[in-house]
Amino acid sequence: EPEPDKIVVPKSGTVSVSELGGASGDSIAGSAATEIQKPKKLGSSPLRRDPAAGDVVPLTPGVGSPTSSGKKAKSNPELNLNFEGVNHRDSRLAYGGNQFSGEPADQGVCVGNGYILESVNSALRVFDADSGAPLTPVLALNEFYGFPPAIDRTDFIFGPFTFDISCHYDPDSDRWFHLAVDLDQDPFTGNFNGKNYLDLAVSTSGDPTGDWNVYRIPGMNDGSEGTPDHACALGPCFADYPHIGADKNGVYITTNEFPLFGDGFVGAQVYAISKSSLAAGDDTIESYLFNTAQEPWQVSADEPGFTLWPALSAGTQFAGDQGGTEYFVSSNAVFDDDNGDSEEIIVWALSNTKSLNKANPNLKLTRTIVPSQRYAVPANSVQKDGTIPLGNLGYGVFTPGPIDTGDSRIMDTRYANGKLWAVLGTAAEVGGEQRTGVGWYILNARVSANGVSASLRDQGILAVEGESLAYPTIGVTKSGRGVIGFTRVGENLHPSQGYASIDDVAGVGPVHMAAEGNAPQDGFTEYQGSRPRWGDYGAAAVDGRSVYLAGQYIEQGPCSYDEFLDTDCNYTRTLYANWSTRVFETIP
């Protein structure tokens, strides 16, 4: 087994949240050329690109398994706090209005010490956990990380393009961790210059409104800046779709690696970093990188890992096997280019994590394939008719376009009550129709000297007749009671936020509504002739007995053409997008 690559990363600076957000934009003027955020490289799954033409193409939808949601969990979640989070207009007007319009609203939420930190693709805000009242202005990610604006609209100078966020409050270290990826742009042209970084911010206390240390982990993996060379086509690699996990000893970042300027998929990457080093704010940190494209860490011959979602633990309920273990779960239906389905779930374990606190860590990454029910890549979903002023304005569209319900990657993983819990999106047959549903898995896992072993305790597909349930996320308390959150959408329902209970005795409970949408999605990606963007992922956080969920829906109501032009539909949107987010607390 090869050794992981060590990348030494200096601290790039410290940011004080209390000193940020002094200016917000009061207009949304901008030329068309600089108004819409560049789409990120659409390498979100290995088969999204046509290797011959270099074009983005949809995966072939699979045929869903027959399913029902008749089982009832032992808890019926009580919906408590429920408030409007950061929306597209907030994000666009942050940092003095020096932001792009962007879709989708990738979601990150973390909770602890009486605070809620909600983050979307390019902005964040801290709220009071008791009332939902905002405690900070809406902050652009570029401002939070100490970067210049994504676009300076006075001088038309470009800064880093920052997106793909996640966050976590760790009660063990009393620290907040916030993760994003940035693509550096040429300051004068806005073209990508090849450099990209995993931006990891770590609070210096348990107060997220205070100071944060910032580390920029290079994602090029082309031999520059101390990175290994993964031989990506046409130069640098790109660290796409990062997510964060933690155990007693470490903080873990996973990415899907693609060539930035070429075609292909390298494989999932796993970065392991000492948690105590991050909590102490060390001037340099050491990151240990595992590349699942390397043969010993492949799922099977010539099949690297894809979207290894790292587990977050309930409180301080960490796995202690073999010197400390961090678990990951992944799926592989996207590698089946015939019908986009699979009957395998992959469980990964990084063991001996306590060695991260030593000069020469001795980490071991192993995986096991667990047979499962069939799941499949879903098709896009229809959405209810309604007001689409952007569609009518510039694109000649008079009915809403589809909602992208994603592929079949794992969308969240938790370690709670001694078990692994995971969810993904899947094609599902319900009521004689093909819809998008939630595949859910509860697993027993353990690690020995020979590696990881795992088996399914329970599994199922949650689906609703006449609707699609997309982009699921899950939070589970220490006692093993959990809640799954998701987008609800269909021909009779605008994009909404819903939830359902889950436990390891009776499975999932009935589907509930947290926030019903008021209009169709009416954003620029609906009308560009390629993949519409929605979700990418939601977020969940556990704080004691409470599970907090955050996701995307449409707050904007019916809006006349004049209202659209005069007041941006009563100031609920901007010209190019109308997404909103909802944050809500449940007690399962």
# chains A, B, ... in the order shown; residues from 1 in each chain; ligands from 1

call {"tool": "residues_around", "arguments": {"residues": "Pro242 in chain A", "least_positions_apart": "5", "cutoff": "9 Å", "atoms": "only C-alpha atoms", "output": "PDB file with all heavy atoms, in the first residue's frame"}}
result
ATOM      1  N   ASP A 164     -19.049  25.984  -3.499  1.00  0.00           N
ATOM      2  CA  ASP A 164     -19.053  24.615  -2.942  1.00  0.00           C
ATOM      3  C   ASP A 164     -18.663  24.604  -1.468  1.00  0.00           C
ATOM      4  O   ASP A 164     -17.537  24.261  -1.096  1.00  0.00           O
ATOM      5  CB  ASP A 164     -18.118  23.714  -3.751  1.00  0.00           C
ATOM      6  CG  ASP A 164     -18.834  22.957  -4.854  1.00  0.00           C
ATOM      7  OD1 ASP A 164     -20.014  23.259  -5.100  1.00  0.00           O
ATOM      8  OD2 ASP A 164     -18.216  22.085  -5.478  1.00  0.00           O
ATOM      9  N   ILE A 165     -19.614  24.928  -0.626  1.00  0.00           N
ATOM     10  CA  ILE A 165     -19.324  25.149   0.790  1.00  0.00           C
ATOM     11  C   ILE A 165     -19.879  24.026   1.669  1.00  0.00           C
ATOM     12  O   ILE A 165     -20.800  23.290   1.303  1.00  0.00           O
ATOM     13  CB  ILE A 165     -19.894  26.502   1.253  1.00  0.00           C
ATOM     14  CG1 ILE A 165     -21.328  26.734   0.702  1.00  0.00           C
ATOM     15  CG2 ILE A 165     -19.030  27.643   0.774  1.00  0.00           C
ATOM     16  CD1 ILE A 165     -22.412  25.933   1.308  1.00  0.00           C
ATOM     17  N   SER A 166     -19.279  23.868   2.833  1.00  0.00           N
ATOM     18  CA  SER A 166     -19.843  23.062   3.910  1.00  0.00           C
ATOM     19  C   SER A 166     -19.250  23.572   5.209  1.00  0.00           C
ATOM     20  O   SER A 166     -18.233  24.273   5.212  1.00  0.00           O
ATOM     21  CB  SER A 166     -19.563  21.564   3.713  1.00  0.00           C
ATOM     22  OG  SER A 166     -18.179  21.313   3.635  1.00  0.00           O
ATOM     23  N   LEU A 179     -15.613  25.294   5.008  1.00  0.00           N
ATOM     24  CA  LEU A 179     -14.863  24.826   3.844  1.00  0.00           C
ATOM     25  C   LEU A 179     -15.486  25.345   2.570  1.00  0.00           C
ATOM     26  O   LEU A 179     -16.717  25.362   2.412  1.00  0.00           O
ATOM     27  CB  LEU A 179     -14.866  23.294   3.828  1.00  0.00           C
ATOM     28  CG  LEU A 179     -14.204  22.601   2.627  1.00  0.00           C
ATOM     29  CD1 LEU A 179     -12.702  22.851   2.603  1.00  0.00           C
ATOM     30  CD2 LEU A 179     -14.491  21.108   2.669  1.00  0.00           C
ATOM     31  N   ALA A 180     -14.647  25.777   1.637  1.00  0.00           N
ATOM     32  CA  ALA A 180     -15.084  26.164   0.297  1.00  0.00           C
ATOM     33  C   ALA A 180     -13.955  25.828  -0.665  1.00  0.00           C
ATOM     34  O   ALA A 180     -12.844  25.476  -0.256  1.00  0.00           O
ATOM     35  CB  ALA A 180     -15.421  27.652   0.232  1.00  0.00           C
ATOM     36  N   VAL A 181     -14.240  25.934  -1.952  1.00  0.00           N
ATOM     37  CA  VAL A 181     -13.201  25.801  -2.971  1.00  0.00           C
ATOM     38  C   VAL A 181     -13.183  27.094  -3.765  1.00  0.00           C
ATOM     39  O   VAL A 181     -14.221  27.747  -3.933  1.00  0.00           O
ATOM     40  CB  VAL A 181     -13.450  24.580  -3.893  1.00  0.00           C
ATOM     41  CG1 VAL A 181     -14.710  24.745  -4.706  1.00  0.00           C
ATOM     42  CG2 VAL A 181     -12.267  24.322  -4.807  1.00  0.00           C
ATOM     43  N   LEU A 198      -8.584  24.560  -1.722  1.00  0.00           N
ATOM     44  CA  LEU A 198      -9.571  24.240  -0.701  1.00  0.00           C
ATOM     45  C   LEU A 198      -9.367  25.233   0.424  1.00  0.00           C
ATOM     46  O   LEU A 198      -8.329  25.237   1.083  1.00  0.00           O
ATOM     47  CB  LEU A 198      -9.385  22.802  -0.213  1.00  0.00           C
ATOM     48  CG  LEU A 198      -9.624  21.732  -1.275  1.00  0.00           C
ATOM     49  CD1 LEU A 198      -9.069  20.386  -0.807  1.00  0.00           C
ATOM     50  CD2 LEU A 198     -11.102  21.624  -1.610  1.00  0.00           C
ATOM     51  N   ILE A 253     -11.309  16.174   4.519  1.00  0.00           N
ATOM     52  CA  ILE A 253     -11.904  16.821   3.361  1.00  0.00           C
ATOM     53  C   ILE A 253     -11.879  15.829   2.205  1.00  0.00           C
ATOM     54  O   ILE A 253     -10.844  15.204   1.950  1.00  0.00           O
ATOM     55  CB  ILE A 253     -11.142  18.100   2.975  1.00  0.00           C
ATOM     56  CG1 ILE A 253     -11.180  19.127   4.116  1.00  0.00           C
ATOM     57  CG2 ILE A 253     -11.716  18.710   1.690  1.00  0.00           C
ATOM     58  CD1 ILE A 253     -10.249  20.296   3.904  1.00  0.00           C
ATOM     59  N   THR A 254     -13.000  15.682   1.529  1.00  0.00           N
ATOM     60  CA  THR A 254     -13.035  14.836   0.338  1.00  0.00           C
ATOM     61  C   THR A 254     -13.412  15.689  -0.866  1.00  0.00           C
ATOM     62  O   THR A 254     -14.166  16.658  -0.752  1.00  0.00           O
ATOM     63  CB  THR A 254     -14.038  13.681   0.482  1.00  0.00           C
ATOM     64  OG1 THR A 254     -15.352  14.217   0.665  1.00  0.00           O
ATOM     65  CG2 THR A 254     -13.677  12.794   1.659  1.00  0.00           C
ATOM     66  N   THR A 255     -12.869  15.328  -2.024  1.00  0.00           N
ATOM     67  CA  THR A 255     -13.182  16.019  -3.269  1.00  0.00           C
ATOM     68  C   THR A 255     -13.361  14.998  -4.387  1.00  0.00           C
ATOM     69  O   THR A 255     -12.947  13.843  -4.265  1.00  0.00           O
ATOM     70  CB  THR A 255     -12.060  16.994  -3.682  1.00  0.00           C
ATOM     71  OG1 THR A 255     -10.901  16.241  -4.073  1.00  0.00           O
ATOM     72  CG2 THR A 255     -11.695  17.941  -2.559  1.00  0.00           C
ATOM     73  N   ASN A 256     -13.973  15.439  -5.480  1.00  0.00           N
ATOM     74  CA  ASN A 256     -13.940  14.714  -6.753  1.00  0.00           C
ATOM     75  C   ASN A 256     -12.961  15.451  -7.658  1.00  0.00           C
ATOM     76  O   ASN A 256     -13.143  16.643  -7.914  1.00  0.00           O
ATOM     77  CB  ASN A 256     -15.323  14.668  -7.404  1.00  0.00           C
ATOM     78  CG  ASN A 256     -16.251  13.709  -6.711  1.00  0.00           C
ATOM     79  OD1 ASN A 256     -15.829  12.716  -6.134  1.00  0.00           O
ATOM     80  ND2 ASN A 256     -17.546  13.991  -6.762  1.00  0.00           N
ATOM     81  N   THR A 307     -17.263  10.636  -4.887  1.00  0.00           N
ATOM     82  CA  THR A 307     -18.020  11.300  -3.826  1.00  0.00           C
ATOM     83  C   THR A 307     -18.003  10.471  -2.542  1.00  0.00           C
ATOM     84  O   THR A 307     -19.028   9.941  -2.108  1.00  0.00           O
ATOM     85  CB  THR A 307     -19.469  11.607  -4.252  1.00  0.00           C
ATOM     86  OG1 THR A 307     -19.470  12.265  -5.526  1.00  0.00           O
ATOM     87  CG2 THR A 307     -20.151  12.514  -3.254  1.00  0.00           C
TER      88      THR A 307
END

call {"tool": "select_by_dssp", "arguments": {"residues": "range 236-315 of chain A", "states": "strand (DSSP E)", "output": "mmCIF file with N, CA, C and O atoms, in the first residue's frame"}}
result
data_model
loop_
_atom_site.group_PDB
_atom_site.id
_atom_site.type_symbol
_atom_site.label_atom_id
_atom_site.label_comp_id
_atom_site.auth_asym_id
_atom_site.auth_seq_id
_atom_site.Cartn_x
_atom_site.Cartn_y
_atom_site.Cartn_z
ATOM 1 N N CYS A 237 -5.194 19.872 -12.048
ATOM 2 C CA CYS A 237 -6.427 19.205 -11.631
ATOM 3 C C CYS A 237 -7.308 20.218 -10.904
ATOM 4 O O CYS A 237 -6.888 21.320 -10.566
ATOM 5 N N PHE A 238 -8.525 19.818 -10.652
ATOM 6 C CA PHE A 238 -9.505 20.671 -9.981
ATOM 7 C C PHE A 238 -10.154 19.899 -8.844
ATOM 8 O O PHE A 238 -10.680 18.807 -9.036
ATOM 9 N N ALA A 239 -10.144 20.473 -7.645
ATOM 10 C CA ALA A 239 -10.708 19.845 -6.444
ATOM 11 C C ALA A 239 -12.190 20.208 -6.331
ATOM 12 O O ALA A 239 -12.572 21.146 -5.627
ATOM 13 N N ASP A 240 -13.044 19.457 -6.998
ATOM 14 C CA ASP A 240 -14.474 19.755 -7.073
ATOM 15 C C ASP A 240 -15.225 19.100 -5.920
ATOM 16 O O ASP A 240 -14.811 18.080 -5.375
ATOM 17 N N TYR A 241 -16.361 19.706 -5.555
ATOM 18 C CA TYR A 241 -17.355 19.112 -4.658
ATOM 19 C C TYR A 241 -16.762 18.718 -3.296
ATOM 20 O O TYR A 241 -16.926 17.596 -2.830
ATOM 21 N N PRO A 242 -16.069 19.632 -2.618
ATOM 22 C CA PRO A 242 -15.463 19.283 -1.327
ATOM 23 C C PRO A 242 -16.495 19.186 -0.212
ATOM 24 O O PRO A 242 -17.474 19.936 -0.171
ATOM 25 N N HIS A 243 -16.258 18.246 0.698
ATOM 26 C CA HIS A 243 -17.068 18.139 1.906
ATOM 27 C C HIS A 243 -16.183 17.789 3.094
ATOM 28 O O HIS A 243 -15.056 17.313 2.935
ATOM 29 N N ILE A 244 -16.717 18.035 4.282
ATOM 30 C CA ILE A 244 -15.909 17.984 5.488
ATOM 31 C C ILE A 244 -16.481 16.977 6.479
ATOM 32 O O ILE A 244 -17.699 16.818 6.607
ATOM 33 N N GLY A 245 -15.580 16.253 7.165
ATOM 34 C CA GLY A 245 -15.942 15.345 8.237
ATOM 35 C C GLY A 245 -14.957 15.502 9.374
ATOM 36 O O GLY A 245 -13.930 16.186 9.248
ATOM 37 N N ALA A 246 -15.252 14.864 10.499
ATOM 38 C CA ALA A 246 -14.359 14.984 11.654
ATOM 39 C C ALA A 246 -14.543 13.789 12.574
ATOM 40 O O ALA A 246 -15.638 13.223 12.676
ATOM 41 N N GLY A 250 -9.036 14.075 13.875
ATOM 42 C CA GLY A 250 -8.760 14.761 12.624
ATOM 43 C C GLY A 250 -9.961 15.451 12.015
ATOM 44 O O GLY A 250 -11.115 15.241 12.405
ATOM 45 N N VAL A 251 -9.644 16.292 11.037
ATOM 46 C CA VAL A 251 -10.629 16.887 10.147
ATOM 47 C C VAL A 251 -10.326 16.353 8.750
ATOM 48 O O VAL A 251 -9.158 16.272 8.348
ATOM 49 N N TYR A 252 -11.374 15.989 8.011
ATOM 50 C CA TYR A 252 -11.195 15.275 6.740
ATOM 51 C C TYR A 252 -11.969 16.000 5.643
ATOM 52 O O TYR A 252 -13.121 16.390 5.826
ATOM 53 N N ILE A 253 -11.309 16.174 4.519
ATOM 54 C CA ILE A 253 -11.904 16.821 3.361
ATOM 55 C C ILE A 253 -11.879 15.829 2.205
ATOM 56 O O ILE A 253 -10.844 15.204 1.950
ATOM 57 N N THR A 254 -13.000 15.682 1.529
ATOM 58 C CA THR A 254 -13.035 14.836 0.338
ATOM 59 C C THR A 254 -13.412 15.689 -0.866
ATOM 60 O O THR A 254 -14.166 16.658 -0.752
ATOM 61 N N THR A 255 -12.869 15.328 -2.024
ATOM 62 C CA THR A 255 -13.182 16.019 -3.269
ATOM 63 C C THR A 255 -13.361 14.998 -4.387
ATOM 64 O O THR A 255 -12.947 13.843 -4.265
ATOM 65 N N ASN A 256 -13.973 15.439 -5.480
ATOM 66 C CA ASN A 256 -13.940 14.714 -6.753
ATOM 67 C C ASN A 256 -12.961 15.451 -7.658
ATOM 68 O O ASN A 256 -13.143 16.643 -7.914
ATOM 69 N N GLU A 257 -11.949 14.767 -8.137
ATOM 70 C CA GLU A 257 -10.893 15.441 -8.888
ATOM 71 C C GLU A 257 -11.071 15.244 -10.392
ATOM 72 O O GLU A 257 -11.216 14.116 -10.870
ATOM 73 N N PHE A 258 -11.039 16.368 -11.124
ATOM 74 C CA PHE A 258 -11.144 16.396 -12.576
ATOM 75 C C PHE A 258 -10.000 17.230 -13.143
ATOM 76 O O PHE A 258 -9.480 18.114 -12.470
ATOM 77 N N PRO A 259 -9.625 17.002 -14.395
ATOM 78 C CA PRO A 259 -8.770 17.982 -15.062
ATOM 79 C C PRO A 259 -9.533 19.306 -15.187
ATOM 80 O O PRO A 259 -10.700 19.310 -15.585
ATOM 81 N N GLY A 267 -10.538 10.775 -9.758
ATOM 82 C CA GLY A 267 -11.034 9.959 -8.662
ATOM 83 C C GLY A 267 -11.241 10.815 -7.434
ATOM 84 O O GLY A 267 -10.784 11.964 -7.350
ATOM 85 N N ALA A 268 -11.950 10.264 -6.465
ATOM 86 C CA ALA A 268 -12.151 10.968 -5.206
ATOM 87 C C ALA A 268 -10.825 11.083 -4.464
ATOM 88 O O ALA A 268 -9.991 10.166 -4.496
ATOM 89 N N GLN A 269 -10.642 12.202 -3.778
ATOM 90 C CA GLN A 269 -9.457 12.467 -2.977
ATOM 91 C C GLN A 269 -9.872 12.599 -1.514
ATOM 92 O O GLN A 269 -10.944 13.135 -1.203
ATOM 93 N N VAL A 270 -9.005 12.145 -0.604
ATOM 94 C CA VAL A 270 -9.253 12.253 0.828
ATOM 95 C C VAL A 270 -8.064 12.966 1.462
ATOM 96 O O VAL A 270 -6.920 12.507 1.347
ATOM 97 N N TYR A 271 -8.330 14.097 2.129
ATOM 98 C CA TYR A 271 -7.317 14.868 2.842
ATOM 99 C C TYR A 271 -7.554 14.689 4.343
ATOM 100 O O TYR A 271 -8.674 14.893 4.826
ATOM 101 N N ALA A 272 -6.503 14.332 5.085
ATOM 102 C CA ALA A 272 -6.593 14.152 6.530
ATOM 103 C C ALA A 272 -5.679 15.161 7.212
ATOM 104 O O ALA A 272 -4.500 15.291 6.861
ATOM 105 N N ILE A 273 -6.211 15.882 8.218
ATOM 106 C CA ILE A 273 -5.478 16.949 8.901
ATOM 107 C C ILE A 273 -5.700 16.816 10.401
ATOM 108 O O ILE A 273 -6.819 16.524 10.854
ATOM 109 N N SER A 274 -4.665 17.042 11.186
ATOM 110 C CA SER A 274 -4.772 16.995 12.638
ATOM 111 C C SER A 274 -5.753 18.054 13.131
ATOM 112 O O SER A 274 -5.599 19.245 12.844
ATOM 113 N N THR A 284 1.622 26.441 10.336
ATOM 114 C CA THR A 284 1.571 25.512 9.207
ATOM 115 C C THR A 284 0.846 24.250 9.645
ATOM 116 O O THR A 284 0.913 23.849 10.809
ATOM 117 N N ILE A 285 0.131 23.651 8.714
ATOM 118 C CA ILE A 285 -0.518 22.384 8.971
ATOM 119 C C ILE A 285 -0.037 21.375 7.933
ATOM 120 O O ILE A 285 0.456 21.755 6.867
ATOM 121 N N GLU A 286 -0.167 20.097 8.244
ATOM 122 C CA GLU A 286 0.206 19.030 7.318
ATOM 123 C C GLU A 286 -1.057 18.287 6.897
ATOM 124 O O GLU A 286 -1.824 17.817 7.738
ATOM 125 N N SER A 287 -1.256 18.212 5.603
ATOM 126 C CA SER A 287 -2.407 17.517 5.041
ATOM 127 C C SER A 287 -1.928 16.244 4.359
ATOM 128 O O SER A 287 -0.993 16.279 3.556
ATOM 129 N N TYR A 288 -2.562 15.106 4.663
ATOM 130 C CA TYR A 288 -2.174 13.806 4.102
ATOM 131 C C TYR A 288 -3.238 13.382 3.091
ATOM 132 O O TYR A 288 -4.414 13.250 3.418
ATOM 133 N N LEU A 289 -2.802 13.189 1.852
ATOM 134 C CA LEU A 289 -3.706 13.030 0.720
ATOM 135 C C LEU A 289 -3.709 11.606 0.191
ATOM 136 O O LEU A 289 -2.655 11.061 -0.173
ATOM 137 N N PHE A 290 -4.915 11.007 0.113
ATOM 138 C CA PHE A 290 -5.127 9.680 -0.463
ATOM 139 C C PHE A 290 -5.877 9.858 -1.783
ATOM 140 O O PHE A 290 -6.936 10.485 -1.829
ATOM 141 N N ASN A 291 -5.345 9.276 -2.849
ATOM 142 C CA ASN A 291 -5.937 9.356 -4.177
ATOM 143 C C ASN A 291 -6.570 8.015 -4.518
ATOM 144 O O ASN A 291 -5.871 7.022 -4.741
ATOM 145 N N TRP A 309 -18.428 10.578 0.919
ATOM 146 C CA TRP A 309 -18.972 11.574 1.839
ATOM 147 C C TRP A 309 -18.484 11.255 3.247
ATOM 148 O O TRP A 309 -18.797 10.204 3.797
ATOM 149 N N PRO A 310 -17.710 12.155 3.872
ATOM 150 C CA PRO A 310 -17.156 11.869 5.201
ATOM 151 C C PRO A 310 -18.218 11.986 6.291
ATOM 152 O O PRO A 310 -19.106 12.841 6.220
ATOM 153 N N LEU A 312 -19.995 12.832 9.787
ATOM 154 C CA LEU A 312 -19.994 13.721 10.940
ATOM 155 C C LEU A 312 -20.647 12.990 12.097
ATOM 156 O O LEU A 312 -21.649 12.292 11.920
ATOM 157 N N SER A 313 -20.077 13.145 13.272
ATOM 158 C CA SER A 313 -20.552 12.412 14.442
ATOM 159 C C SER A 313 -21.579 13.218 15.216
ATOM 160 O O SER A 313 -21.594 14.454 15.175
#

call {"tool": "select_by_dssp", "arguments": {"residues": "range 304-358 of chain A", "states": "helix (DSSP H, G or I)", "output": "number ranges by chain"}}
result
A: 321-323, 333-335, 353-357

call {"tool": "closest_residue", "arguments": {"among": "A:Leu124, A:Ala539, A:Leu390, A:Ala463", "to": "Thr574 in chain A", "atoms": "only C-alpha atoms"}}
result
A:Leu390

call {"tool": "closest_residue", "arguments": {"among": "A:Ser560, A:Thr316, A:Gln459, A:Thr292", "to": "Leu393 in chain A", "atoms": "only C-alpha atoms"}}
result
A:Ser560

call {"tool": "residues_around", "arguments": {"residues": "Pro558 in chain A", "least_positions_apart": "2", "cutoff": "7 Å", "atoms": "only C-alpha atoms", "output": "PyMOL selection string"}}
result
chain A and resi 387+519+556+560

call {"tool": "closest_residue", "arguments": {"among": "A:Phe335, A:Phe398, A:Tyr375, A:Tyr169", "to": "Glu118 in chain A", "atoms": "only C-alpha atoms"}}
result
A:Tyr169

call {"tool": "atom_distance", "arguments": {"atom1": "CA of Asp128 in chain A", "atom2": "CA of Phe584 in chain A"}}
result
12.3 Å

call {"tool": "closest_residue", "arguments": {"among": "A:Gly394, A:Gly485, A:Pro160, A:Gly102", "to": "Asp182 in chain A", "atoms": "only C-alpha atoms"}}
result
A:Pro160

call {"tool": "atom_distance", "arguments": {"atom1": "CA of Phe83 in chain A", "atom2": "CA of Asp412 in chain A"}}
result
22.7 Å

call {"tool": "atom_distance", "arguments": {"atom1": "CA of Val9 in chain A", "atom2": "CA of Glu225 in chain A"}}
result
9.1 Å

call {"tool": "closest_residue", "arguments": {"among": "A:Ile369, A:Leu469, A:Val347, A:Ala123", "to": "Asp106 in chain A", "atoms": "only C-alpha atoms"}}
result
A:Ala123

call {"tool": "residues_around", "arguments": {"residues": "Gly194 in chain A", "least_positions_apart": "3", "cutoff": "8 Å", "atoms": "only C-alpha atoms", "output": "ChimeraX atom specification"}}
result
/A:183-184,220,235-236,260-261

call {"tool": "residues_around", "arguments": {"residues": "Asn362 in chain A", "least_positions_apart": "3", "cutoff": "8 Å", "atoms": "only C-alpha atoms", "output": "list in words"}}
result
Asn352, Thr353, Ser355 and Leu356 of chain A

call {"tool": "write_last_selection", "arguments": {"atoms": "N, CA, C and O atoms", "output": "compact mmCIF listing (two decimals), in the first residue's frame"}}
result
# COMPACT_ATOMS: atom_id res chain seq x y z
N ASN A 352 -6.49 4.51 12.53
CA ASN A 352 -5.32 4.99 13.27
C ASN A 352 -5.20 6.50 13.16
O ASN A 352 -4.10 7.05 13.00
N THR A 353 -6.32 7.18 13.26
CA THR A 353 -6.30 8.64 13.11
C THR A 353 -5.61 9.33 14.28
O THR A 353 -5.20 10.49 14.14
N SER A 355 -2.77 8.86 15.13
CA SER A 355 -1.39 9.11 14.70
C SER A 355 -1.24 10.45 13.98
O SER A 355 -0.12 10.89 13.72
N LEU A 356 -2.35 11.11 13.65
CA LEU A 356 -2.27 12.45 13.08
C LEU A 356 -1.60 13.43 14.03
O LEU A 356 -1.11 14.49 13.60

call {"tool": "residues_around", "arguments": {"residues": "range 129-145 of chain A", "least_positions_apart": "5", "cutoff": "6 Å", "atoms": "only C-alpha atoms", "output": "PyMOL selection string"}}
result
chain A and resi 21+94-95+114-116+122-124

call {"tool": "write_last_selection", "arguments": {"atoms": "all heavy atoms", "output": "compact mmCIF listing (two decimals), in the first residue's frame"}}
result
# COMPACT_ATOMS: atom_id res chain seq x y z
N GLY A 21 -18.63 43.14 6.57
CA GLY A 21 -20.02 43.38 6.19
C GLY A 21 -20.49 44.80 6.39
O GLY A 21 -21.68 45.05 6.53
N ALA A 94 -24.26 41.23 -1.41
CA ALA A 94 -23.21 41.25 -0.40
C ALA A 94 -21.93 41.86 -0.96
O ALA A 94 -21.75 41.96 -2.17
CB ALA A 94 -22.95 39.83 0.11
N TYR A 95 -21.04 42.24 -0.03
CA TYR A 95 -19.72 42.80 -0.39
C TYR A 95 -19.87 44.02 -1.30
O TYR A 95 -19.20 44.16 -2.33
CB TYR A 95 -18.88 41.73 -1.08
CG TYR A 95 -17.39 41.77 -0.77
CD1 TYR A 95 -16.57 40.72 -1.21
CD2 TYR A 95 -16.81 42.81 -0.07
CE1 TYR A 95 -15.21 40.72 -0.94
CE2 TYR A 95 -15.46 42.82 0.21
CZ TYR A 95 -14.65 41.77 -0.23
OH TYR A 95 -13.30 41.78 0.05
N GLY A 114 -25.42 28.05 20.78
CA GLY A 114 -26.45 29.07 20.62
C GLY A 114 -26.40 29.81 19.30
O GLY A 114 -27.10 30.82 19.13
N TYR A 115 -25.60 29.33 18.34
CA TYR A 115 -25.47 29.98 17.04
C TYR A 115 -25.86 29.02 15.92
O TYR A 115 -25.66 27.81 16.02
CB TYR A 115 -24.02 30.41 16.79
CG TYR A 115 -23.45 31.39 17.78
CD1 TYR A 115 -22.65 30.94 18.84
CD2 TYR A 115 -23.67 32.76 17.66
CE1 TYR A 115 -22.11 31.83 19.75
CE2 TYR A 115 -23.11 33.66 18.55
CZ TYR A 115 -22.34 33.19 19.60
OH TYR A 115 -21.79 34.07 20.49
N ILE A 116 -26.37 29.58 14.82
CA ILE A 116 -26.54 28.88 13.56
C ILE A 116 -25.74 29.62 12.51
O ILE A 116 -25.91 30.83 12.33
CB ILE A 116 -28.03 28.84 13.13
CG1 ILE A 116 -28.90 28.13 14.16
CG2 ILE A 116 -28.18 28.17 11.76
CD1 ILE A 116 -30.39 28.24 13.90
N SER A 122 -22.02 31.41 -2.27
CA SER A 122 -21.08 32.53 -2.24
C SER A 122 -21.36 33.52 -1.13
O SER A 122 -20.91 34.66 -1.18
CB SER A 122 -21.10 33.26 -3.59
OG SER A 122 -22.42 33.68 -3.92
N ALA A 123 -22.10 33.13 -0.09
CA ALA A 123 -22.39 34.03 1.02
C ALA A 123 -22.71 33.22 2.27
O ALA A 123 -23.03 32.03 2.21
CB ALA A 123 -23.55 34.96 0.68
N LEU A 124 -22.62 33.88 3.44
CA LEU A 124 -22.97 33.23 4.70
C LEU A 124 -23.52 34.26 5.67
O LEU A 124 -23.36 35.47 5.51
CB LEU A 124 -21.77 32.50 5.31
CG LEU A 124 -20.53 33.30 5.71
CD1 LEU A 124 -20.67 33.95 7.08
CD2 LEU A 124 -19.29 32.40 5.71

call {"tool": "closest_residue", "arguments": {"among": "A:Gln298, A:Ser16, A:Ser342, A:Ser381", "to": "Ser205 in chain A", "atoms": "only C-alpha atoms"}}
result
A:Ser16
